[in-house]
Amino acid sequence: MIAGIIGGTGQMGRFFAGVFQTAGWETVVSGRRTELTNRDVAEMADLVLVSVPIRATAEVIREIAPLLSEDQVFCDLTSLKVEPVRAMLASRAEVIGLHPMFGPGVASLRGQTIVATPARCSQETLDTLLSVFREQGAEITISTPEDHDRMMAVIQGLTHFVTLAKAEAIRRTGTDIAESLHFTSPIYRIEMGLVGRILAQDAGLYGAILQMNPAVPEVLARFEEAVLALREIVESGDADRFQEFFAANAAHYASYLVSATEETDDLINHVVSGR
Ligand SMILES: NC(=O)c1ccc[n+]([C@@H]2O[C@H](COP(=O)([O-])OP(=O)(O)OC[C@H]3O[C@@H](n4cnc5c(N)ncnc54)[C@H](OP(=O)(O)O)[C@@H]3O)[C@@H](O)[C@H]2O)c1
């Protein structure tokens, strides 16, 4: 079996080429400067995996979709699923959208989650592909492109938005980051670690995740309401209103509170012992 990776010179493309090679597949790759073109790879491979930046994905899919036959499998790794899957369905191939819920720095698939959105494929094709990932330790979550993008608006969109908004707010306060770390609690250090981690990466990826997911504006509207409501309660100085706000949220998250505390205790102990 041949896995053809378009964008196979990039970070995720290289990682997944290694995954298929470990599973005994042959791999061929293209980038913008490789000898093999995207069209060569699309014609040679049993499974074609598109791993190019989000903003280039639909265009690359549209370029190669007419070349694929019913005997091929068409996949992508994009962090959004509705638009890429729709574009892949214009081909005659079997179509399975994929979203690895991790970055290229992980050592292996062990313990990592991949969301799969099978859109047109036989059970056998799906099982063959997913067994490549499962045998290397990945957990698979099956979803639809629409549910995936709605979930990602919260899991990635809101999370990255809050982290970036916090970075901007702290910058606007004029706080010296190095100095603040001398005053730090473990929680501040962990949260600032997440700020630094995002800002050390590619703005293009985070911009696309926020700007191209149609479900993000709705989630940000709820966030804006929440910020204004909480600010108003804080500025009111009314302890009862704050209690009420806190209790409503504690009730909503009740089933998660114990495991959340245990997991973050581990994280805090790790951060404290690493200093
Ligand atoms: N990085 C992450 O944390 C992460 C996590 C989950 C999913 N993803 C998804 O993985 C995909 C790739 O991300 P990445 O981080 O690996 O990006 P990357 O390192 O920038 O790699 C992108 C690749 O696409 C190639 N490329 C760009 N335009 C192309 C075109 N028109 N035709 C062919 N190749 C083209 C680049 O090749 P050349 O520069 O060699 O031409 C490079 O090999 C994205 O869809 C992203 O949403 C990323």
# chains A, B, ... in the order shown; residues from 1 in each chain; ligands from 1

$ residues_around --residues "Asp40 of chain A" --least-positions-apart "5" --cutoff "12 Å" --atoms "only C-alpha atoms" --output "list in words"
Gly4, Ile5, Ile6, Val28, Val29, Ser30, Gly31, Thr34, Glu35, Ala45, Val48, Glu63, Ile64, Leu67 and Leu68 of chain A

$ write_last_selection --atoms "N, CA, C and O atoms" --output "CSV table (one decimal), in the first residue's frame"
chain,number,residue,atom,x,y,z
A,4,GLY,N,0.3,8.6,0.0
A,4,GLY,CA,0.9,9.8,-0.7
A,4,GLY,C,0.5,11.0,0.2
A,4,GLY,O,-0.7,11.3,0.4
A,5,ILE,N,1.6,11.7,0.6
A,5,ILE,CA,1.3,12.8,1.6
A,5,ILE,C,1.6,14.2,0.9
A,5,ILE,O,2.8,14.4,0.5
A,6,ILE,N,0.6,14.9,0.6
A,6,ILE,CA,0.7,16.2,0.0
A,6,ILE,C,0.9,17.2,1.1
A,6,ILE,O,0.1,17.4,2.0
A,28,VAL,N,5.0,8.3,-0.4
A,28,VAL,CA,5.6,9.3,-1.4
A,28,VAL,C,5.1,10.7,-0.9
A,28,VAL,O,3.9,10.8,-0.4
A,29,VAL,N,5.9,11.7,-1.1
A,29,VAL,CA,5.5,13.0,-0.6
A,29,VAL,C,5.7,14.1,-1.6
A,29,VAL,O,6.5,14.0,-2.5
A,30,SER,N,4.8,15.2,-1.5
A,30,SER,CA,5.1,16.4,-2.3
A,30,SER,C,5.0,17.6,-1.4
A,30,SER,O,4.3,17.6,-0.4
A,31,GLY,N,5.7,18.6,-1.8
A,31,GLY,CA,5.6,20.0,-1.3
A,31,GLY,C,5.7,20.9,-2.5
A,31,GLY,O,5.6,20.4,-3.6
A,34,THR,N,9.3,19.9,-4.2
A,34,THR,CA,9.7,18.6,-4.4
A,34,THR,C,9.7,18.2,-5.9
A,34,THR,O,9.0,18.8,-6.7
A,35,GLU,N,10.5,17.1,-6.2
A,35,GLU,CA,10.5,16.6,-7.6
A,35,GLU,C,9.1,16.1,-7.9
A,35,GLU,O,8.6,16.4,-9.0
A,45,ALA,N,-0.7,7.2,-5.3
A,45,ALA,CA,-1.0,6.6,-4.0
A,45,ALA,C,-2.3,5.9,-3.9
A,45,ALA,O,-3.3,6.2,-4.6
A,48,VAL,N,-4.4,9.1,-0.3
A,48,VAL,CA,-3.8,10.5,-0.5
A,48,VAL,C,-4.2,11.3,0.7
A,48,VAL,O,-5.4,11.4,1.1
A,63,GLU,N,-7.5,21.0,-6.7
A,63,GLU,CA,-6.6,20.7,-7.8
A,63,GLU,C,-6.5,19.2,-8.1
A,63,GLU,O,-6.4,18.8,-9.2
A,64,ILE,N,-6.5,18.4,-7.0
A,64,ILE,CA,-6.2,17.0,-7.3
A,64,ILE,C,-7.5,16.1,-7.3
A,64,ILE,O,-7.5,15.0,-7.8
A,67,LEU,N,-8.5,13.9,-10.2
A,67,LEU,CA,-7.6,12.9,-10.6
A,67,LEU,C,-7.8,11.5,-9.9
A,67,LEU,O,-7.3,10.5,-10.3
A,68,LEU,N,-8.6,11.6,-8.8
A,68,LEU,CA,-8.7,10.4,-8.0
A,68,LEU,C,-9.9,9.5,-8.4
A,68,LEU,O,-10.9,9.9,-8.9

$ residues_near_ligand --ligand "ligand 1" --cutoff "8 Å" --atoms "only C-alpha atoms and all ligand atoms" --output "PyMOL selection string"
chain A and resi 6-14+30-34+37-38+50-57+59-60+76-80+99-104+205+209

$ residues_around --residues "Ser108 of chain A" --least-positions-apart "3" --cutoff "9 Å" --atoms "only C-alpha atoms" --output "PyMOL selection string"
chain A and resi 15+19+105+111-112+136-138

$ write_last_selection --atoms "N, CA and C atoms" --output "short mmCIF file (atom, residue, chain, number, x, y, z; two decimals), in the first residue's frame"
data_model
loop_
_atom_site.label_atom_id
_atom_site.label_comp_id
_atom_site.auth_asym_id
_atom_site.auth_seq_id
_atom_site.Cartn_x
_atom_site.Cartn_y
_atom_site.Cartn_z
N PHE A 15 5.50 13.74 10.22
CA PHE A 15 5.12 12.86 11.33
C PHE A 15 4.27 11.70 10.80
N VAL A 19 4.42 7.52 10.58
CA VAL A 19 3.38 6.61 11.08
C VAL A 19 3.08 5.53 10.04
N GLY A 105 5.22 17.70 17.68
CA GLY A 105 6.31 17.46 18.62
C GLY A 105 6.15 16.18 19.44
N GLY A 111 -1.36 7.24 23.22
CA GLY A 111 -2.15 8.11 24.09
C GLY A 111 -2.72 9.35 23.41
N GLN A 112 -2.48 9.52 22.12
CA GLN A 112 -2.98 10.72 21.41
C GLN A 112 -4.34 10.42 20.78
N GLN A 136 -0.63 1.85 16.79
CA GLN A 136 0.47 2.65 17.34
C GLN A 136 0.04 3.43 18.59
N GLY A 137 -1.15 3.05 19.11
CA GLY A 137 -1.55 3.57 20.42
C GLY A 137 -2.51 4.75 20.41
N ALA A 138 -3.00 5.15 19.21
CA ALA A 138 -3.91 6.32 19.18
C ALA A 138 -5.33 5.93 19.60
#

$ atom_distance --atom1 "atom CA of Thr173 of chain A" --atom2 "atom CA of Tyr188 of chain A"
15.8 Å

$ closest_residue --among "A:Gln211, A:Ser259, A:Asn249, A:Gln72" --to "Leu49 of chain A" --atoms "only C-alpha atoms"
A:Gln72

$ atom_distance --atom1 "atom CA of Ala153 of chain A" --atom2 "atom CA of Met212 of chain A"
10.1 Å

$ closest_residue --among "A:Thr175, A:Thr163, A:Thr128, A:Ser69" --to "Met1 of chain A" --atoms "only C-alpha atoms"
A:Thr128

$ select_by_dssp --residues "segment 11-258 of chain A" --states "strand (DSSP E)" --output "number ranges by chain"
A: 26-30, 47-50, 73-76, 94-100, 113-120, 139-142

$ write_last_selection --atoms "C-alpha atoms" --output "PDB file, in the first residue's frame"
ATOM      1  CA  GLU A  26       5.391   2.788   1.266  1.00  0.00           C
ATOM      2  CA  THR A  27       5.186   6.612   1.300  1.00  0.00           C
ATOM      3  CA  VAL A  28       5.569   9.307  -1.350  1.00  0.00           C
ATOM      4  CA  VAL A  29       5.453  13.025  -0.591  1.00  0.00           C
ATOM      5  CA  SER A  30       5.069  16.362  -2.304  1.00  0.00           C
ATOM      6  CA  LEU A  47      -4.322   6.731   0.079  1.00  0.00           C
ATOM      7  CA  VAL A  48      -3.840  10.461  -0.511  1.00  0.00           C
ATOM      8  CA  LEU A  49      -3.414  12.539   2.648  1.00  0.00           C
ATOM      9  CA  VAL A  50      -3.497  16.341   2.343  1.00  0.00           C
ATOM     10  CA  VAL A  73      -8.898   6.912  -0.318  1.00  0.00           C
ATOM     11  CA  PHE A  74      -8.838  10.702   0.139  1.00  0.00           C
ATOM     12  CA  CYS A  75      -7.977  12.105   3.590  1.00  0.00           C
ATOM     13  CA  ASP A  76      -6.788  15.373   5.096  1.00  0.00           C
ATOM     14  CA  GLU A  94     -13.556   7.209  -0.645  1.00  0.00           C
ATOM     15  CA  VAL A  95     -13.367  10.147   1.790  1.00  0.00           C
ATOM     16  CA  ILE A  96     -12.265  10.179   5.437  1.00  0.00           C
ATOM     17  CA  GLY A  97     -11.461  13.479   7.175  1.00  0.00           C
ATOM     18  CA  LEU A  98      -8.894  13.293   9.990  1.00  0.00           C
ATOM     19  CA  HIS A  99      -7.904  15.742  12.705  1.00  0.00           C
ATOM     20  CA  PRO A 100      -4.967  14.808  14.928  1.00  0.00           C
ATOM     21  CA  THR A 113      -6.472  11.320  20.003  1.00  0.00           C
ATOM     22  CA  ILE A 114      -7.341  11.475  16.318  1.00  0.00           C
ATOM     23  CA  VAL A 115     -10.852  12.588  15.311  1.00  0.00           C
ATOM     24  CA  ALA A 116     -12.040  10.813  12.150  1.00  0.00           C
ATOM     25  CA  THR A 117     -14.997  12.023  10.073  1.00  0.00           C
ATOM     26  CA  PRO A 118     -15.732   9.238   7.567  1.00  0.00           C
ATOM     27  CA  ALA A 119     -17.886  10.799   4.841  1.00  0.00           C
ATOM     28  CA  ARG A 120     -17.972   8.177   2.059  1.00  0.00           C
ATOM     29  CA  GLU A 139      -7.456   6.767  20.462  1.00  0.00           C
ATOM     30  CA  ILE A 140      -9.973   7.399  17.681  1.00  0.00           C
ATOM     31  CA  THR A 141     -13.071   9.578  18.073  1.00  0.00           C
ATOM     32  CA  ILE A 142     -15.585   9.198  15.231  1.00  0.00           C
TER      33      ILE A 142
END

$ residues_around --residues "Leu210 of chain A" --least-positions-apart "3" --cutoff "12 Å" --atoms "only C-alpha atoms" --output "PDB file with C-alpha atoms, in the first residue's frame"
ATOM      1  CA  ILE A  54      -5.479  25.319   6.442  1.00  0.00           C
ATOM      2  CA  ARG A  55      -5.822  28.300   4.124  1.00  0.00           C
ATOM      3  CA  SER A  79      -7.901  21.301  11.958  1.00  0.00           C
ATOM      4  CA  LEU A  80     -11.323  22.091  10.406  1.00  0.00           C
ATOM      5  CA  ASP A 149     -16.213  21.946  13.814  1.00  0.00           C
ATOM      6  CA  MET A 152     -13.495  22.685  17.864  1.00  0.00           C
ATOM      7  CA  ALA A 153     -15.041  26.142  18.165  1.00  0.00           C
ATOM      8  CA  VAL A 154     -14.964  25.507  21.936  1.00  0.00           C
ATOM      9  CA  ILE A 155     -11.979  23.177  22.336  1.00  0.00           C
ATOM     10  CA  GLN A 156      -9.585  25.128  20.121  1.00  0.00           C
ATOM     11  CA  GLY A 157     -11.316  28.396  19.164  1.00  0.00           C
ATOM     12  CA  LEU A 158     -12.395  29.543  22.631  1.00  0.00           C
ATOM     13  CA  THR A 159      -9.294  28.165  24.339  1.00  0.00           C
ATOM     14  CA  HIS A 160      -6.877  29.936  21.989  1.00  0.00           C
ATOM     15  CA  PHE A 161      -8.996  33.111  22.030  1.00  0.00           C
ATOM     16  CA  VAL A 162      -8.948  33.277  25.831  1.00  0.00           C
ATOM     17  CA  LEU A 164      -4.465  35.310  23.330  1.00  0.00           C
ATOM     18  CA  ALA A 203       0.318  32.662  13.793  1.00  0.00           C
ATOM     19  CA  GLY A 204      -1.092  31.267  10.509  1.00  0.00           C
ATOM     20  CA  LEU A 205      -2.347  28.071  12.155  1.00  0.00           C
ATOM     21  CA  TYR A 206      -4.004  29.857  15.095  1.00  0.00           C
ATOM     22  CA  GLY A 207      -5.452  32.599  12.876  1.00  0.00           C
ATOM     23  CA  ASN A 213     -14.365  27.939  11.596  1.00  0.00           C
ATOM     24  CA  PRO A 214     -17.930  29.230  11.019  1.00  0.00           C
ATOM     25  CA  ALA A 215     -18.950  28.045  14.500  1.00  0.00           C
ATOM     26  CA  VAL A 216     -16.421  30.319  16.274  1.00  0.00           C
ATOM     27  CA  PRO A 217     -18.344  33.670  16.187  1.00  0.00           C
ATOM     28  CA  GLU A 218     -21.306  32.149  18.067  1.00  0.00           C
ATOM     29  CA  VAL A 219     -19.019  30.804  20.801  1.00  0.00           C
ATOM     30  CA  LEU A 220     -17.173  34.141  21.061  1.00  0.00           C
TER      31      LEU A 220
END

$ residues_around --residues "Gly193 of chain A" --least-positions-apart "4" --cutoff "12 Å" --atoms "only C-alpha atoms" --output "PyMOL selection string"
chain A and resi 163+167+177+181+184+186-189+197-200+271

$ write_last_selection --atoms "C-alpha atoms" --output "PDB file, in the first residue's frame"
ATOM      1  CA  THR A 163      -5.197  32.623  25.944  1.00  0.00           C
ATOM      2  CA  ALA A 167      -1.729  37.784  26.664  1.00  0.00           C
ATOM      3  CA  ILE A 177       6.592  39.157  32.537  1.00  0.00           C
ATOM      4  CA  LEU A 181       7.312  35.247  37.454  1.00  0.00           C
ATOM      5  CA  THR A 184       4.237  33.574  40.702  1.00  0.00           C
ATOM      6  CA  PRO A 186       2.042  27.541  40.190  1.00  0.00           C
ATOM      7  CA  ILE A 187      -1.287  28.273  38.456  1.00  0.00           C
ATOM      8  CA  TYR A 188      -0.020  31.579  37.004  1.00  0.00           C
ATOM      9  CA  ARG A 189       3.153  29.805  35.824  1.00  0.00           C
ATOM     10  CA  ARG A 197       3.571  28.109  24.089  1.00  0.00           C
ATOM     11  CA  ILE A 198       1.017  29.559  21.666  1.00  0.00           C
ATOM     12  CA  LEU A 199       3.051  32.698  20.933  1.00  0.00           C
ATOM     13  CA  ALA A 200       6.112  30.556  20.115  1.00  0.00           C
ATOM     14  CA  VAL A 271       5.782  22.331  37.878  1.00  0.00           C
TER      15      VAL A 271
END

$ atom_distance --atom1 "atom CA of Thr264 of chain A" --atom2 "atom CA of Val195 of chain A"
17.3 Å

$ residues_around --residues "Ser185 of chain A" --least-positions-apart "6" --cutoff "12 Å" --atoms "only C-alpha atoms" --output "VMD selection string"
chain A and resid 191 to 192 268 to 269 271 to 272

$ write_last_selection --atoms "N, CA and C atoms" --output "mmCIF file, in the first residue's frame"
data_model
loop_
_atom_site.group_PDB
_atom_site.id
_atom_site.type_symbol
_atom_site.label_atom_id
_atom_site.label_comp_id
_atom_site.auth_asym_id
_atom_site.auth_seq_id
_atom_site.Cartn_x
_atom_site.Cartn_y
_atom_site.Cartn_z
ATOM 1 N N GLU A 191 -0.460 28.823 33.463
ATOM 2 C CA GLU A 191 -1.237 29.586 32.469
ATOM 3 C C GLU A 191 -0.330 30.447 31.599
ATOM 4 N N MET A 192 0.715 31.027 32.176
ATOM 5 C CA MET A 192 1.650 31.811 31.351
ATOM 6 C C MET A 192 2.430 30.893 30.416
ATOM 7 N N ILE A 268 0.537 20.670 38.968
ATOM 8 C CA ILE A 268 1.161 21.639 39.885
ATOM 9 C C ILE A 268 2.397 21.019 40.556
ATOM 10 N N ASN A 269 2.253 19.750 41.004
ATOM 11 C CA ASN A 269 3.397 19.088 41.651
ATOM 12 C C ASN A 269 4.566 18.987 40.680
ATOM 13 N N VAL A 271 5.197 21.001 38.100
ATOM 14 C CA VAL A 271 5.782 22.331 37.878
ATOM 15 C C VAL A 271 6.625 22.742 39.089
ATOM 16 N N VAL A 272 6.107 22.484 40.288
ATOM 17 C CA VAL A 272 6.825 22.890 41.504
ATOM 18 C C VAL A 272 8.126 22.090 41.632
#

$ closest_residue --among "A:Asp202, A:Asp265, A:Glu232, A:Asp46" --to "Ile190 of chain A" --atoms "only C-alpha atoms"
A:Asp265

$ decode --residues "segment 171-183 of chain A" --atoms "all heavy atoms" --output "mmCIF file, in the first residue's frame"
data_model
loop_
_atom_site.group_PDB
_atom_site.id
_atom_site.type_symbol
_atom_site.label_atom_id
_atom_site.label_comp_id
_atom_site.auth_asym_id
_atom_site.auth_seq_id
_atom_site.Cartn_x
_atom_site.Cartn_y
_atom_site.Cartn_z
ATOM 1 N N ARG A 171 -0.291 42.420 28.489
ATOM 2 C CA ARG A 171 0.593 43.364 27.789
ATOM 3 C C ARG A 171 0.104 44.802 28.000
ATOM 4 O O ARG A 171 0.868 45.710 28.261
ATOM 5 C CB ARG A 171 0.627 43.019 26.291
ATOM 6 C CG ARG A 171 1.675 43.779 25.506
ATOM 7 C CD ARG A 171 1.807 43.186 24.115
ATOM 8 N NE ARG A 171 0.695 43.531 23.252
ATOM 9 C CZ ARG A 171 0.658 44.606 22.471
ATOM 10 N NH1 ARG A 171 1.669 45.440 22.462
ATOM 11 N NH2 ARG A 171 -0.391 44.844 21.701
ATOM 12 N N ARG A 172 -1.259 44.978 27.900
ATOM 13 C CA ARG A 172 -1.820 46.330 28.065
ATOM 14 C C ARG A 172 -1.648 46.869 29.480
ATOM 15 O O ARG A 172 -1.670 48.082 29.688
ATOM 16 C CB ARG A 172 -3.310 46.322 27.699
ATOM 17 C CG ARG A 172 -3.530 46.213 26.210
ATOM 18 C CD ARG A 172 -5.009 46.199 25.889
ATOM 19 N NE ARG A 172 -5.212 45.924 24.477
ATOM 20 C CZ ARG A 172 -6.057 46.590 23.698
ATOM 21 N NH1 ARG A 172 -6.802 47.552 24.204
ATOM 22 N NH2 ARG A 172 -6.173 46.279 22.427
ATOM 23 N N THR A 173 -1.556 45.975 30.479
ATOM 24 C CA THR A 173 -1.349 46.461 31.854
ATOM 25 C C THR A 173 0.091 46.937 32.051
ATOM 26 O O THR A 173 0.405 47.547 33.080
ATOM 27 C CB THR A 173 -1.609 45.361 32.917
ATOM 28 O OG1 THR A 173 -0.628 44.325 32.732
ATOM 29 C CG2 THR A 173 -3.006 44.776 32.831
ATOM 30 N N GLY A 174 0.970 46.612 31.113
ATOM 31 C CA GLY A 174 2.375 47.016 31.228
ATOM 32 C C GLY A 174 3.157 46.123 32.182
ATOM 33 O O GLY A 174 4.268 46.468 32.586
ATOM 34 N N THR A 175 2.583 44.985 32.562
ATOM 35 C CA THR A 175 3.270 44.083 33.508
ATOM 36 C C THR A 175 4.538 43.506 32.872
ATOM 37 O O THR A 175 4.510 43.068 31.716
ATOM 38 C CB THR A 175 2.320 42.907 33.878
ATOM 39 O OG1 THR A 175 1.113 43.463 34.381
ATOM 40 C CG2 THR A 175 2.952 41.987 34.915
ATOM 41 N N ASP A 176 5.614 43.515 33.649
ATOM 42 C CA ASP A 176 6.859 42.913 33.182
ATOM 43 C C ASP A 176 6.771 41.394 33.441
ATOM 44 O O ASP A 176 6.647 40.977 34.591
ATOM 45 C CB ASP A 176 8.026 43.539 33.954
ATOM 46 C CG ASP A 176 9.358 42.994 33.484
ATOM 47 O OD1 ASP A 176 9.680 41.819 33.811
ATOM 48 O OD2 ASP A 176 10.074 43.721 32.802
ATOM 49 N N ILE A 177 6.832 40.603 32.388
ATOM 50 C CA ILE A 177 6.592 39.157 32.537
ATOM 51 C C ILE A 177 7.665 38.507 33.413
ATOM 52 O O ILE A 177 7.347 37.744 34.334
ATOM 53 C CB ILE A 177 6.554 38.456 31.147
ATOM 54 C CG1 ILE A 177 5.475 39.075 30.264
ATOM 55 C CG2 ILE A 177 6.313 36.950 31.312
ATOM 56 C CD1 ILE A 177 4.104 39.128 30.872
ATOM 57 N N ALA A 178 8.943 38.844 33.127
ATOM 58 C CA ALA A 178 10.022 38.222 33.913
ATOM 59 C C ALA A 178 9.848 38.557 35.393
ATOM 60 O O ALA A 178 9.981 37.690 36.262
ATOM 61 C CB ALA A 178 11.371 38.689 33.399
ATOM 62 N N GLU A 179 9.507 39.832 35.670
ATOM 63 C CA GLU A 179 9.329 40.231 37.071
ATOM 64 C C GLU A 179 8.138 39.499 37.682
ATOM 65 O O GLU A 179 8.194 39.021 38.814
ATOM 66 C CB GLU A 179 9.127 41.754 37.144
ATOM 67 C CG GLU A 179 9.167 42.268 38.570
ATOM 68 C CD GLU A 179 8.715 43.722 38.682
ATOM 69 O OE1 GLU A 179 8.513 44.392 37.638
ATOM 70 O OE2 GLU A 179 8.529 44.166 39.825
ATOM 71 N N SER A 180 7.052 39.385 36.903
ATOM 72 C CA SER A 180 5.833 38.738 37.439
ATOM 73 C C SER A 180 6.111 37.296 37.845
ATOM 74 O O SER A 180 5.525 36.777 38.789
ATOM 75 C CB SER A 180 4.691 38.798 36.416
ATOM 76 O OG SER A 180 4.865 37.840 35.388
ATOM 77 N N LEU A 181 7.046 36.649 37.140
ATOM 78 C CA LEU A 181 7.312 35.247 37.454
ATOM 79 C C LEU A 181 8.007 35.086 38.818
ATOM 80 O O LEU A 181 7.956 34.018 39.418
ATOM 81 C CB LEU A 181 8.136 34.590 36.336
ATOM 82 C CG LEU A 181 7.356 34.412 35.012
ATOM 83 C CD1 LEU A 181 8.254 33.907 33.901
ATOM 84 C CD2 LEU A 181 6.140 33.500 35.174
ATOM 85 N N HIS A 182 8.617 36.188 39.337
ATOM 86 C CA HIS A 182 9.182 36.112 40.700
ATOM 87 C C HIS A 182 8.087 36.117 41.760
ATOM 88 O O HIS A 182 8.326 35.785 42.910
ATOM 89 C CB HIS A 182 10.124 37.303 40.958
ATOM 90 C CG HIS A 182 11.364 37.254 40.131
ATOM 91 N ND1 HIS A 182 12.255 36.210 40.175
ATOM 92 C CD2 HIS A 182 11.851 38.103 39.196
ATOM 93 C CE1 HIS A 182 13.239 36.426 39.321
ATOM 94 N NE2 HIS A 182 13.010 37.573 38.707
ATOM 95 N N PHE A 183 6.889 36.548 41.368
ATOM 96 C CA PHE A 183 5.769 36.603 42.323
ATOM 97 C C PHE A 183 4.842 35.397 42.133
ATOM 98 O O PHE A 183 3.789 35.343 42.716
ATOM 99 C CB PHE A 183 4.909 37.853 42.073
ATOM 100 C CG PHE A 183 5.563 39.158 42.403
ATOM 101 C CD1 PHE A 183 6.530 39.704 41.588
ATOM 102 C CD2 PHE A 183 5.187 39.846 43.556
ATOM 103 C CE1 PHE A 183 7.120 40.916 41.889
ATOM 104 C CE2 PHE A 183 5.775 41.069 43.871
ATOM 105 C CZ PHE A 183 6.752 41.608 43.039
#
